[in-house]
file work16.txt (compact mmCIF, C-alpha atoms and all ligand atoms)
# COMPACT_ATOMS: atom_id res chain seq x y z
CA MET V 21 36.10 2.85 14.62
CA ASP V 22 32.65 3.95 13.47
CA HIS V 23 31.34 1.77 10.65
CA THR V 24 27.88 3.31 10.28
CA LEU V 25 27.09 5.29 7.15
CA ALA V 26 25.90 8.32 9.13
CA LEU V 27 27.60 11.71 8.99
CA HIS V 28 29.90 12.78 11.80
CA PRO V 29 27.83 14.70 14.45
CA ALA V 30 29.79 17.94 13.88
CA ALA V 31 29.27 17.73 10.09
CA MET V 32 25.58 16.99 10.65
CA GLN V 33 25.20 20.04 12.92
CA GLY V 34 26.97 22.23 10.32
CA GLN V 35 24.60 20.93 7.65
CA ARG V 36 21.56 21.71 9.84
CA VAL V 37 22.72 25.27 10.54
CA ARG V 38 23.38 25.90 6.83
CA ARG V 39 19.95 24.53 5.88
CA VAL V 40 18.13 26.71 8.43
CA LEU V 41 20.18 29.77 7.45
CA PHE V 42 19.36 29.26 3.77
CA ALA V 43 15.64 28.70 4.53
CA ILE V 44 15.44 31.84 6.65
CA LEU V 45 17.31 34.01 4.15
CA ALA V 46 15.48 32.73 1.05
CA GLY V 47 11.96 32.21 2.46
CA GLY V 48 12.02 35.08 4.97
CA GLY V 49 13.65 37.35 2.37
CA ALA V 50 11.00 36.62 -0.29
CA HIS V 51 8.19 37.16 2.22
CA THR V 52 9.65 40.47 3.44
CA LEU V 53 10.29 41.73 -0.10
CA LEU V 54 6.78 40.90 -1.28
CA CYS V 55 5.18 42.63 1.71
CA TRP V 56 7.52 45.62 1.36
CA ILE V 57 6.35 46.02 -2.27
CA THR V 58 2.72 45.97 -1.09
CA LEU V 59 3.70 48.60 1.49
CA GLN V 60 5.17 50.81 -1.28
CA LEU V 61 1.98 50.35 -3.32
CA ASP V 62 -0.16 51.29 -0.30
CA PHE V 63 -1.73 47.82 -0.13
CA PHE V 64 -0.35 47.00 3.31
CA ARG V 65 -3.17 47.84 5.71
CA GLY V 66 -1.81 49.85 8.66
CA GLY V 67 1.25 51.08 6.68
CA ASP V 68 4.69 51.58 8.27
CA ALA V 69 3.24 51.47 11.80
CA VAL V 70 2.24 47.83 11.28
CA PHE V 71 4.87 46.69 8.77
CA TYR V 72 8.05 47.43 10.75
CA PRO V 73 6.99 46.08 14.20
CA LEU V 74 5.48 42.99 12.54
CA PHE V 75 8.62 42.14 10.55
CA ALA V 76 10.81 42.93 13.57
CA ILE V 77 8.93 40.16 15.42
CA ILE V 78 9.10 37.73 12.46
CA TRP V 79 12.86 38.26 11.98
CA GLY V 80 13.41 38.20 15.75
CA GLY V 81 11.90 34.71 15.75
CA HIS V 82 14.11 33.65 12.82
CA LEU V 83 17.21 34.94 14.59
CA LEU V 84 16.21 33.10 17.76
CA PHE V 85 16.11 29.84 15.79
CA LEU V 86 19.51 30.53 14.32
CA THR V 87 21.08 31.50 17.67
CA PHE V 88 19.60 28.40 19.31
CA MET V 89 21.27 26.26 16.64
CA LEU V 90 24.58 28.13 16.63
CA LEU V 91 24.81 27.58 20.40
CA GLY V 92 24.20 23.87 19.77
CA LEU V 93 21.16 23.83 22.09
CA ASN V 94 19.15 21.99 19.42
CA ARG V 95 21.32 18.87 19.92
CA ARG V 96 19.41 18.14 23.11
CA LEU V 97 16.07 18.00 21.28
CA SER V 98 14.51 14.79 20.01
CA GLU V 99 14.46 16.41 16.53
CA PRO V 100 17.61 18.52 16.41
CA ALA V 101 16.95 19.67 12.81
CA MET V 102 14.07 21.82 14.24
CA ILE V 103 12.42 21.82 10.82
CA PHE V 104 8.83 21.45 12.05
CA PRO V 105 8.93 24.37 14.57
CA LEU V 106 10.62 26.52 11.91
CA MET V 107 7.92 25.65 9.36
CA VAL V 108 5.18 26.48 11.90
CA TRP V 109 6.85 29.81 12.72
CA SER V 110 7.29 30.76 9.04
CA THR V 111 3.68 29.78 8.23
CA THR V 112 2.45 31.88 11.17
CA GLY V 113 4.37 34.85 9.75
CA LEU V 114 2.68 34.35 6.36
CA LEU V 115 -0.78 34.07 7.93
CA VAL V 116 -0.38 37.22 10.03
CA THR V 117 0.69 39.27 7.01
CA ALA V 118 -2.08 37.68 4.90
CA LEU V 119 -4.51 39.45 7.19
CA VAL V 120 -3.30 42.89 6.10
CA VAL V 121 -2.30 42.52 2.41
CA ASP V 122 -5.71 42.38 0.74
CA GLN V 123 -4.61 42.70 -2.90
CA ALA V 124 -1.70 40.23 -2.62
CA ARG V 125 -3.07 37.70 -0.11
CA LEU V 126 -2.79 34.66 -2.41
CA CYS V 127 0.75 35.69 -3.48
CA VAL V 128 1.84 35.81 0.15
CA MET V 129 0.19 32.46 0.91
CA MET V 130 1.97 30.87 -2.09
CA ILE V 131 5.23 31.29 -0.17
CA PHE V 132 3.84 28.46 1.99
CA PHE V 133 5.00 26.03 -0.75
CA ALA V 134 8.57 27.24 -0.26
CA VAL V 135 8.13 26.64 3.49
CA VAL V 136 6.90 23.08 2.81
CA GLN V 137 9.83 22.45 0.52
CA LEU V 138 12.13 23.11 3.48
CA GLY V 139 10.79 20.00 5.21
CA VAL V 140 10.44 17.68 2.24
CA LEU V 141 13.25 15.37 3.29
CA GLN V 142 12.96 16.00 7.01
CA ALA V 143 9.40 16.25 8.32
CA SER V 144 7.12 13.27 8.85
CA LEU V 145 3.82 12.80 7.04
CA ARG V 146 1.93 13.57 10.27
CA GLN V 147 3.81 16.88 10.57
CA PHE V 148 2.95 17.76 6.95
CA VAL V 149 -0.74 17.06 7.53
CA VAL V 150 -0.79 19.11 10.75
CA LEU V 151 0.97 22.01 9.03
CA ALA V 152 -1.32 21.87 5.95
CA LEU V 153 -4.48 21.87 8.13
CA TYR V 154 -3.09 24.71 10.26
CA CYS V 155 -2.38 26.78 7.15
CA VAL V 156 -5.61 26.12 5.23
CA LEU V 157 -7.92 26.52 8.25
CA SER V 158 -6.15 29.65 9.50
CA TYR V 159 -6.36 31.12 5.97
CA ALA V 160 -10.15 30.49 6.11
CA VAL V 161 -10.36 32.19 9.52
CA ILE V 162 -8.47 35.19 8.09
CA LEU V 163 -10.98 35.47 5.23
CA GLY V 164 -13.77 35.30 7.79
CA VAL V 165 -12.19 38.09 9.87
CA VAL V 166 -11.57 40.26 6.78
CA GLY V 167 -15.16 39.65 5.65
CA VAL V 168 -16.49 40.80 9.02
CA TYR V 169 -14.24 43.82 9.68
CA TRP V 170 -13.24 45.07 6.21
CA PRO V 171 -15.96 43.81 3.82
CA GLU V 172 -15.65 46.91 1.65
CA VAL V 173 -12.00 46.29 0.62
CA VAL V 174 -12.34 42.72 -0.70
CA ASP V 175 -14.24 40.72 -3.25
CA LEU V 176 -15.12 37.90 -0.86
CA ARG V 177 -16.41 35.53 -3.55
CA GLY V 178 -13.14 35.78 -5.45
CA GLU V 179 -11.15 35.41 -2.18
CA TRP V 180 -12.96 32.18 -1.29
CA MET V 181 -12.35 30.82 -4.80
CA GLN V 182 -8.65 31.57 -4.38
CA TRP V 183 -8.77 29.87 -0.98
CA GLY V 184 -10.35 26.78 -2.59
CA LEU V 185 -7.64 26.67 -5.26
CA PHE V 186 -4.94 27.11 -2.63
CA SER V 187 -6.43 24.29 -0.51
CA VAL V 188 -6.43 21.88 -3.47
CA MET V 189 -2.78 22.72 -4.17
CA VAL V 190 -1.88 22.21 -0.52
CA ALA V 191 -3.65 18.81 -0.57
CA ALA V 192 -1.70 17.82 -3.70
CA VAL V 193 1.60 18.91 -2.15
CA THR V 194 0.75 17.00 1.03
CA LEU V 195 0.13 13.85 -1.03
CA LEU V 196 3.47 14.33 -2.76
CA ALA V 197 5.11 14.87 0.61
CA SER V 198 3.60 11.60 1.84
CA GLU V 199 5.18 9.78 -1.12
CA ILE V 200 8.52 11.38 -0.40
CA SER V 201 8.14 10.58 3.28
CA ALA V 202 7.56 6.88 2.44
CA ILE V 203 10.62 6.82 0.17
CA ARG V 204 12.63 8.55 2.88
CA SER V 205 11.69 5.99 5.53
CA LEU V 206 12.49 3.13 3.10
CA LEU V 207 15.88 4.70 2.36
CA GLY V 208 16.48 5.11 6.09
CA LYS V 209 15.78 1.41 6.65
CA ARG V 210 18.03 0.42 3.75
CA ASN V 211 20.79 2.63 5.12
CA GLN V 212 20.45 0.97 8.51
CA GLN V 213 20.61 -2.52 6.94
CA LEU V 214 23.65 -1.50 4.92
CA ALA V 215 25.36 -0.17 8.04
CA GLU V 216 24.69 -3.49 9.77
CA VAL V 217 26.13 -5.45 6.83
CA VAL V 218 29.24 -3.23 6.79
CA GLU V 219 29.59 -3.81 10.54
CA ARG V 220 29.24 -7.58 10.09
CA ILE V 221 31.79 -7.66 7.26
CA HIS V 222 34.19 -5.68 9.39
CA GLU V 223 33.70 -8.12 12.30
CA MET V 224 34.36 -11.05 9.98
CA ALA V 225 37.48 -9.38 8.61
CA VAL V 226 39.06 -8.67 11.98
CA LYS V 227 37.73 -11.47 14.21
CA ASP V 228 38.22 -15.21 14.22
CA GLU V 229 34.86 -16.96 13.88
CA LEU V 230 35.49 -19.82 16.30
CA THR V 231 36.96 -17.98 19.28
CA GLY V 232 35.80 -14.41 18.62
CA PHE V 233 39.40 -13.24 19.15
CA TYR V 234 41.08 -10.79 16.75
CA ARG V 235 42.89 -12.15 13.73
CA ARG V 236 46.64 -11.70 13.47
CA ARG V 237 46.75 -8.65 11.19
CA HIS V 238 44.30 -6.54 13.16
CA ALA V 239 45.87 -7.68 16.43
CA MET V 240 49.30 -6.49 15.28
CA GLU V 241 47.85 -3.06 14.43
CA LEU V 242 46.26 -2.85 17.89
CA LEU V 243 49.51 -4.02 19.48
CA ALA V 244 51.44 -1.25 17.70
CA LYS V 245 48.99 1.31 19.09
CA ALA V 246 49.17 -0.16 22.59
CA CYS V 247 52.99 -0.09 22.43
CA GLY V 248 52.85 3.61 21.48
CA GLN V 249 50.60 4.42 24.43
CA ALA V 250 52.76 2.37 26.82
CA SER V 251 55.93 4.17 25.61
CA ARG V 252 54.25 7.48 26.45
CA GLY V 253 53.85 6.17 30.01
CA ALA V 254 50.13 5.43 29.96
CA PHE V 255 50.71 1.94 31.43
CA SER V 256 53.09 -1.05 31.49
CA LEU V 257 52.45 -3.47 28.68
CA ALA V 258 52.66 -7.27 28.93
CA VAL V 259 52.60 -9.42 25.79
CA ALA V 260 51.99 -13.15 26.17
CA TYR V 261 52.10 -15.98 23.67
CA VAL V 262 49.92 -18.93 24.67
CA ASP V 263 49.72 -22.35 22.97
CA LEU V 264 47.56 -25.40 23.71
CA ASP V 265 49.68 -28.45 24.54
CA HIS V 266 49.60 -31.52 22.30
CA PHE V 267 46.58 -30.20 20.49
CA LYS V 268 47.20 -32.48 17.51
CA ARG V 269 46.76 -35.46 19.82
CA ILE V 270 43.38 -34.15 21.01
CA ASN V 271 42.25 -33.88 17.41
CA ASP V 272 43.58 -37.34 16.57
CA GLN V 273 42.14 -39.01 19.65
CA TYR V 274 38.76 -37.27 20.08
CA GLY V 275 38.07 -35.79 16.68
CA HIS V 276 38.24 -32.36 15.11
CA SER V 277 34.94 -31.15 16.60
CA CYS V 278 36.19 -31.96 20.09
CA GLY V 279 39.33 -29.98 19.21
CA ASP V 280 37.08 -27.08 18.23
CA SER V 281 35.23 -27.30 21.57
CA VAL V 282 38.56 -27.13 23.38
CA LEU V 283 39.47 -23.99 21.45
CA VAL V 284 36.11 -22.40 22.32
CA ARG V 285 36.52 -23.39 25.98
CA PHE V 286 39.99 -21.84 25.99
CA SER V 287 38.56 -18.59 24.62
CA GLU V 288 35.94 -18.58 27.39
CA VAL V 289 38.55 -19.12 30.10
CA VAL V 290 40.70 -16.32 28.67
CA ARG V 291 37.72 -13.96 28.40
CA ARG V 292 36.91 -14.51 32.08
CA HIS V 293 40.40 -13.27 32.97
CA LEU V 294 40.72 -10.31 30.61
CA GLY V 295 40.04 -6.73 31.73
CA GLY V 296 38.44 -4.00 29.61
CA GLN V 297 41.76 -2.78 28.17
CA ASP V 298 43.19 -6.24 27.43
CA PHE V 299 42.70 -8.09 24.18
CA ALA V 300 43.36 -11.55 22.77
CA ALA V 301 44.22 -12.69 19.26
CA ARG V 302 44.30 -16.04 17.53
CA LEU V 303 47.54 -16.06 15.59
CA GLY V 304 47.16 -19.53 14.08
CA GLY V 305 45.59 -22.94 14.80
CA GLU V 306 46.16 -23.21 18.56
CA GLU V 307 48.51 -20.28 19.10
CA PHE V 308 47.28 -17.09 20.78
CA MET V 309 48.58 -13.70 21.78
CA LEU V 310 47.36 -11.74 24.79
CA VAL V 311 48.08 -8.03 25.11
CA LEU V 312 47.68 -6.81 28.66
CA PRO V 313 48.06 -3.22 29.83
CA VAL V 314 48.98 -3.81 33.49
CA SER V 315 50.40 -1.91 36.44
CA ASP V 316 53.37 -4.30 36.79
CA ARG V 317 54.82 -7.66 35.78
CA ASP V 318 53.29 -9.49 38.79
CA GLU V 319 49.79 -8.53 37.71
CA ALA V 320 50.43 -10.08 34.28
CA VAL V 321 51.98 -13.23 35.83
CA ASN V 322 48.95 -13.71 38.14
CA LEU V 323 46.55 -13.26 35.24
CA LEU V 324 48.36 -15.86 33.10
CA GLU V 325 48.72 -18.33 35.98
CA GLY V 326 44.95 -17.96 36.44
CA ILE V 327 44.39 -18.85 32.77
CA LEU V 328 46.72 -21.87 33.00
CA LEU V 329 44.96 -23.11 36.14
CA GLY V 330 41.51 -22.38 34.70
CA MET V 331 42.29 -24.40 31.56
CA ARG V 332 43.76 -27.32 33.52
CA SER V 333 40.58 -27.64 35.58
CA GLN V 334 38.22 -27.78 32.56
CA ARG V 335 36.30 -31.00 31.86
CA TYR V 336 34.67 -31.96 28.55
CA ASP V 337 31.42 -33.95 28.14
CA GLU V 338 32.48 -35.32 24.77
CA ALA V 339 35.87 -36.47 26.12
CA PRO V 340 35.64 -37.52 29.77
CA GLY V 341 39.06 -37.74 31.33
CA LEU V 342 40.59 -35.22 28.89
CA VAL V 343 42.76 -32.63 30.61
CA VAL V 344 44.06 -29.84 28.38
CA THR V 345 47.01 -27.76 29.47
CA VAL V 346 48.54 -24.67 27.95
CA SER V 347 52.04 -23.24 27.78
CA ALA V 348 52.73 -19.52 27.85
CA GLY V 349 55.58 -17.07 27.37
CA LEU V 350 55.48 -13.55 28.77
CA ALA V 351 57.51 -10.44 27.92
CA MET V 352 57.13 -6.96 29.41
CA LEU V 353 57.53 -4.14 26.87
CA ASP V 354 60.74 -2.26 27.50
CA ALA V 355 61.10 1.51 27.09
CA HIS V 356 61.25 2.37 23.34
CA GLU V 357 61.08 -1.30 22.39
CA SER V 358 59.39 -2.13 19.06
CA PRO V 359 56.29 -4.32 18.83
CA ALA V 360 58.25 -6.85 16.73
CA SER V 361 60.89 -7.18 19.43
CA VAL V 362 58.51 -7.74 22.36
CA VAL V 363 56.56 -10.27 20.28
CA ARG V 364 59.78 -12.14 19.49
CA ARG V 365 60.71 -12.28 23.19
CA ALA V 366 57.24 -13.57 24.17
CA ASP V 367 57.47 -16.25 21.46
CA GLN V 368 60.93 -17.31 22.63
CA ALA V 369 59.64 -17.54 26.22
CA LEU V 370 56.78 -19.76 25.00
CA TYR V 371 59.30 -21.96 23.23
CA ARG V 372 61.19 -22.36 26.51
CA SER V 373 57.93 -23.36 28.28
CA LYS V 374 57.37 -26.05 25.64
CA GLU V 375 60.96 -27.24 25.85
CA SER V 376 60.92 -27.51 29.61
CA GLY V 377 57.86 -29.75 29.83
CA ARG V 378 54.75 -27.63 28.87
CA ASP V 379 51.86 -26.59 31.16
CA ARG V 380 53.81 -23.63 32.48
CA LEU V 381 54.55 -19.93 32.13
CA THR V 382 58.00 -18.60 31.32
CA VAL V 383 58.76 -14.91 31.77
CA ASP V 384 61.40 -13.43 29.50
CA GLU V 385 63.95 -11.53 31.57
CA SER V 386 66.39 -10.83 28.73
CA GLN V 387 65.89 -7.02 28.65
N1 LIG L 1 40.15 -28.81 15.81
C1 LIG L 1 40.92 -27.90 15.25
N2 LIG L 1 42.21 -28.14 15.04
C2 LIG L 1 42.99 -27.22 14.50
C3 LIG L 1 42.48 -25.97 14.12
N3 LIG L 1 43.51 -25.22 13.61
C4 LIG L 1 44.60 -26.01 13.66
N4 LIG L 1 44.30 -27.20 14.20
C5 LIG L 1 45.18 -28.34 14.47
O1 LIG L 1 46.07 -28.01 15.52
C6 LIG L 1 47.17 -28.92 15.47
C7 LIG L 1 48.43 -28.22 15.89
O2 LIG L 1 49.41 -29.19 16.02
P1 LIG L 1 50.91 -28.88 16.35
O3 LIG L 1 51.32 -27.58 15.68
O4 LIG L 1 51.71 -30.08 16.01
O5 LIG L 1 50.94 -28.55 17.88
P2 LIG L 1 50.61 -29.46 19.15
O6 LIG L 1 50.10 -30.79 18.79
O7 LIG L 1 49.72 -28.64 20.00
O8 LIG L 1 52.00 -29.60 19.82
P3 LIG L 1 52.72 -28.60 20.82
O9 LIG L 1 52.27 -27.23 20.44
O10 LIG L 1 54.16 -28.81 20.60
O11 LIG L 1 52.27 -28.97 22.20
C8 LIG L 1 47.19 -29.49 14.06
O12 LIG L 1 46.83 -30.84 14.10
C9 LIG L 1 46.08 -28.69 13.33
O13 LIG L 1 45.39 -29.47 12.39
C10 LIG L 1 41.10 -25.71 14.33
O14 LIG L 1 40.57 -24.62 14.05
N5 LIG L 1 40.37 -26.68 14.90
call {"tool": "encode", "arguments": {"input": "work16.txt", "output": "structure tokens"}}
result
Amino acid sequence: MDHTLALHPAAMQGQRVRRVLFAILAGGGAHTLLCWITLQLDFFRGGDAVFYPLFAIIWGGHLLFLTFMLLGLNRRLSEPAMIFPLMVWSTTGLLVTALVVDQARLCVMMIFFAVVQLGVLQASLRQFVVLALYCVLSYAVILGVVGVYWPEVVDLRGEWMQWGLFSVMVAAVTLLASEISAIRSLLGKRNQQLAEVVERIHEMAVKDELTGFYRRRHAMELLAKACGQASRGAFSLAVAYVDLDHFKRINDQYGHSCGDSVLVRFSEVVRRHLGGQDFAARLGGEEFMLVLPVSDRDEAVNLLEGILLGMRSQRYDEAPGLVVTVSAGLAMLDAHESPASVVRRADQALYRSKESGRDRLTVDESQ
């Protein structure tokens, strides 16, 4: 189960594609419309011969971005949102057209603020600064080029004043973006901390603190799932009940903390014997359930005998001479048998182990 607060990867990809699509349609659309109006008013230097090839390239780039995302190729990138490259591409489009629309240059460059808005919650401060410098400096180069090649069509003094105003606005927006970027990183950290707390609470809810084994309720849910898989033929399922022998005496004789150490030692012995698919649960004080997907009954018997032997051979610093044994009952899940039934048979087998002298494994053969 995923306990993080993040979106599902498919939902996140859908959100990215929608965001890029909206940015391209809104930003690219506004840019194209504005330049088309200048074309109709004969302000677009070069006319149709420049306008159509230029916008074919700009829109070709936009479509490439979209196709790349729709194919899911962006998922392999370190920044799958691709906001920064898209902002650079859109800004380049603005700058190129700013070279040829003399009467509406500042209007075209103002669309840059819509481009920046696209990255407000995504791009880093460093990316904002790089983009702002790229835009402002390139705008200055464009004015220089226009001043050299077409000095007669522009009022250069007025153009440089507009450039100065634009640069101040870009600096202000970059400052604002830095604030937002700081808030974003703080929120990201908080989200991460929250996800960790949720994870810890979940662990505490489903796992026993002392042994690290699942608690009864969660274990029964997992057992029901395992029974379902076993009934569909995925594997044979062994369910074992295991109980420490005369545990009360250990507590009485050596103290409660020694009893706790014995429980921890038992969990370590069990863990050494469990495979990746197996799981253990602490059902009560010193009673445990093991759920073992196995290939056959003998595999389960060997595993449990190993646990019994392993526990018998443990020695305890705080109680020299103490030998702790365990009793176990094993039942193999029968075809179409319910979880409750196999649990009952394992418990009855454990009872028989206790009755017949403890420190042994009894296998239920009743089915
Ligand atoms: N140290 C410690 N003792 C616990 C814990 N939980 C339960 N117990 C003790 O475990 C003991 C269980 O005693 P009984 O149910 O009589 O079982 P037993 O002495 O093992 O006897 P048999 O199972 O018949 O061999 C009780 O004394 C509980 O107080 C725990 O977390 N730590």
call {"tool": "residues_around", "arguments": {"input": "work16.txt", "residues": "V:Arg95", "least_positions_apart": "6", "cutoff": "10 Å", "atoms": "only C-alpha atoms", "output": "PyMOL selection string"}}
result
chain V and resi 29+33+88-89+101-102
call {"tool": "residues_near_ligand", "arguments": {"input": "work16.txt", "ligand": "ligand LIG 1 (chain L)", "cutoff": "9 Å", "atoms": "all atoms listed in the file", "output": "PDB file with C-alpha atoms, keeping the file's coordinate frame"}}
result
ATOM      1  CA  LEU V 230      35.490 -19.820  16.300  1.00  0.00           C
ATOM      2  CA  ASP V 263      49.720 -22.350  22.970  1.00  0.00           C
ATOM      3  CA  LEU V 264      47.560 -25.400  23.710  1.00  0.00           C
ATOM      4  CA  ASP V 265      49.680 -28.450  24.540  1.00  0.00           C
ATOM      5  CA  HIS V 266      49.600 -31.520  22.300  1.00  0.00           C
ATOM      6  CA  PHE V 267      46.580 -30.200  20.490  1.00  0.00           C
ATOM      7  CA  LYS V 268      47.200 -32.480  17.510  1.00  0.00           C
ATOM      8  CA  ARG V 269      46.760 -35.460  19.820  1.00  0.00           C
ATOM      9  CA  ILE V 270      43.380 -34.150  21.010  1.00  0.00           C
ATOM     10  CA  ASN V 271      42.250 -33.880  17.410  1.00  0.00           C
ATOM     11  CA  ASP V 272      43.580 -37.340  16.570  1.00  0.00           C
ATOM     12  CA  GLY V 275      38.070 -35.790  16.680  1.00  0.00           C
ATOM     13  CA  HIS V 276      38.240 -32.360  15.110  1.00  0.00           C
ATOM     14  CA  SER V 277      34.940 -31.150  16.600  1.00  0.00           C
ATOM     15  CA  CYS V 278      36.190 -31.960  20.090  1.00  0.00           C
ATOM     16  CA  GLY V 279      39.330 -29.980  19.210  1.00  0.00           C
ATOM     17  CA  ASP V 280      37.080 -27.080  18.230  1.00  0.00           C
ATOM     18  CA  SER V 281      35.230 -27.300  21.570  1.00  0.00           C
ATOM     19  CA  VAL V 282      38.560 -27.130  23.380  1.00  0.00           C
ATOM     20  CA  LEU V 283      39.470 -23.990  21.450  1.00  0.00           C
ATOM     21  CA  GLY V 304      47.160 -19.530  14.080  1.00  0.00           C
ATOM     22  CA  GLY V 305      45.590 -22.940  14.800  1.00  0.00           C
ATOM     23  CA  GLU V 306      46.160 -23.210  18.560  1.00  0.00           C
ATOM     24  CA  GLU V 307      48.510 -20.280  19.100  1.00  0.00           C
ATOM     25  CA  VAL V 346      48.540 -24.670  27.950  1.00  0.00           C
ATOM     26  CA  SER V 347      52.040 -23.240  27.780  1.00  0.00           C
ATOM     27  CA  TYR V 371      59.300 -21.960  23.230  1.00  0.00           C
ATOM     28  CA  LYS V 374      57.370 -26.050  25.640  1.00  0.00           C
ATOM     29  CA  GLU V 375      60.960 -27.240  25.850  1.00  0.00           C
ATOM     30  CA  ARG V 378      54.750 -27.630  28.870  1.00  0.00           C
TER      31      ARG V 378
END
call {"tool": "axis_aligned_box", "arguments": {"input": "work16.txt", "around": "stretch 49-58 of chain V", "padding_each_side": "4 Å", "output": "lines of an AutoDock Vina configuration file"}}
result
center_x = 8.2
center_y = 41.3
center_z = 0.6
size_x = 18.9
size_y = 17.4
size_z = 13.7
call {"tool": "atom_distance", "arguments": {"input": "work16.txt", "atom1": "atom CA of V:Leu86", "atom2": "atom CA of V:Met129"}}
result
23.6 Å
call {"tool": "closest_residue", "arguments": {"input": "work16.txt", "among": "V:Ile44, V:Val168, V:Val343, V:Leu119", "to": "V:Ala134", "atoms": "all atoms listed in the file"}}
result
V:Ile44
call {"tool": "atom_distance", "arguments": {"input": "work16.txt", "atom1": "atom CA of V:His293", "atom2": "atom CA of V:Pro340"}}
result
24.9 Å
call {"tool": "closest_residue", "arguments": {"input": "work16.txt", "among": "V:Met32, V:Leu243, V:Met309, V:Val174", "to": "V:Gly92", "atoms": "all atoms listed in the file"}}
result
V:Met32
call {"tool": "residues_near_point", "arguments": {"input": "work16.txt", "point": "(56.6, -20.1, 32.9)", "cutoff": "12 Å", "atoms": "only C-alpha atoms", "output": "short mmCIF file (atom, residue, chain, number, x, y, z; two decimals) with C-alpha atoms, in the frame of the given file"}}
result
data_model
loop_
_atom_site.label_atom_id
_atom_site.label_comp_id
_atom_site.auth_asym_id
_atom_site.auth_seq_id
_atom_site.Cartn_x
_atom_site.Cartn_y
_atom_site.Cartn_z
CA ALA V 260 51.99 -13.15 26.17
CA TYR V 261 52.10 -15.98 23.67
CA VAL V 262 49.92 -18.93 24.67
CA ALA V 320 50.43 -10.08 34.28
CA VAL V 321 51.98 -13.23 35.83
CA ASN V 322 48.95 -13.71 38.14
CA LEU V 324 48.36 -15.86 33.10
CA GLU V 325 48.72 -18.33 35.98
CA LEU V 328 46.72 -21.87 33.00
CA VAL V 346 48.54 -24.67 27.95
CA SER V 347 52.04 -23.24 27.78
CA ALA V 348 52.73 -19.52 27.85
CA GLY V 349 55.58 -17.07 27.37
CA LEU V 350 55.48 -13.55 28.77
CA ALA V 351 57.51 -10.44 27.92
CA ALA V 366 57.24 -13.57 24.17
CA GLN V 368 60.93 -17.31 22.63
CA ALA V 369 59.64 -17.54 26.22
CA LEU V 370 56.78 -19.76 25.00
CA TYR V 371 59.30 -21.96 23.23
CA ARG V 372 61.19 -22.36 26.51
CA SER V 373 57.93 -23.36 28.28
CA LYS V 374 57.37 -26.05 25.64
CA GLU V 375 60.96 -27.24 25.85
CA SER V 376 60.92 -27.51 29.61
CA GLY V 377 57.86 -29.75 29.83
CA ARG V 378 54.75 -27.63 28.87
CA ASP V 379 51.86 -26.59 31.16
CA ARG V 380 53.81 -23.63 32.48
CA LEU V 381 54.55 -19.93 32.13
CA THR V 382 58.00 -18.60 31.32
CA VAL V 383 58.76 -14.91 31.77
CA ASP V 384 61.40 -13.43 29.50
CA GLU V 385 63.95 -11.53 31.57
#
call {"tool": "atom_distance", "arguments": {"input": "work16.txt", "atom1": "atom CA of V:Cys155", "atom2": "atom CA of V:Ile77"}}
result
19.4 Å
call {"tool": "closest_residue", "arguments": {"input": "work16.txt", "among": "V:Pro313, V:Pro359, V:Gly164, V:Gly139", "to": "V:Thr194", "atoms": "only C-alpha atoms"}}
result
V:Gly139
call {"tool": "residues_around", "arguments": {"input": "work16.txt", "residues": "V:Ser187", "least_positions_apart": "3", "cutoff": "10 Å", "atoms": "all atoms listed in the file", "output": "list of chain:residue names"}}
result
V:Ala152, V:Leu153, V:Cys155, V:Val156, V:Leu157, V:Tyr159, V:Ala160, V:Met181, V:Gln182, V:Trp183, V:Gly184, V:Val190, V:Ala191, V:Ala192, V:Val193
call {"tool": "residues_around", "arguments": {"input": "work16.txt", "residues": "V:Arg236", "least_positions_apart": "3", "cutoff": "12 Å", "atoms": "all atoms listed in the file", "output": "list of chain:residue names"}}
result
V:Ala225, V:Val226, V:Lys227, V:Asp228, V:Phe233, V:Ala239, V:Met240, V:Glu241, V:Leu242, V:Leu243, V:Phe299, V:Ala300, V:Ala301, V:Arg302, V:Leu303, V:Gly304, V:Gly305, V:Glu307, V:Phe308, V:Met309, V:Leu310
call {"tool": "residues_around", "arguments": {"input": "work16.txt", "residues": "V:Phe42", "least_positions_apart": "6", "cutoff": "12 Å", "atoms": "all atoms listed in the file", "output": "VMD selection string"}}
result
chain V and resid 35 to 36 48 to 50 82 86 134 to 135 138
call {"tool": "build_atoms", "arguments": {"input": "work16.txt", "residues": "stretch 333-338 of chain V", "atoms": "N, CA and C atoms", "output": "tab-separated table (two decimals), keeping the file's coordinate frame"}}
result
chain	number	residue	atom	x	y	z
V	333	SER	N	41.71	-27.10	34.80
V	333	SER	CA	40.58	-27.64	35.58
V	333	SER	C	39.32	-27.84	34.74
V	334	GLN	N	39.40	-27.58	33.42
V	334	GLN	CA	38.22	-27.78	32.56
V	334	GLN	C	37.96	-29.26	32.31
V	335	ARG	N	36.66	-29.63	32.23
V	335	ARG	CA	36.30	-31.00	31.86
V	335	ARG	C	35.36	-30.92	30.65
V	336	TYR	N	35.40	-32.00	29.83
V	336	TYR	CA	34.67	-31.96	28.55
V	336	TYR	C	33.72	-33.15	28.45
V	337	ASP	N	32.42	-32.87	28.23
V	337	ASP	CA	31.42	-33.95	28.14
V	337	ASP	C	31.76	-34.96	27.05
V	338	GLU	N	32.23	-34.42	25.90
V	338	GLU	CA	32.48	-35.32	24.77
V	338	GLU	C	33.79	-36.12	24.92
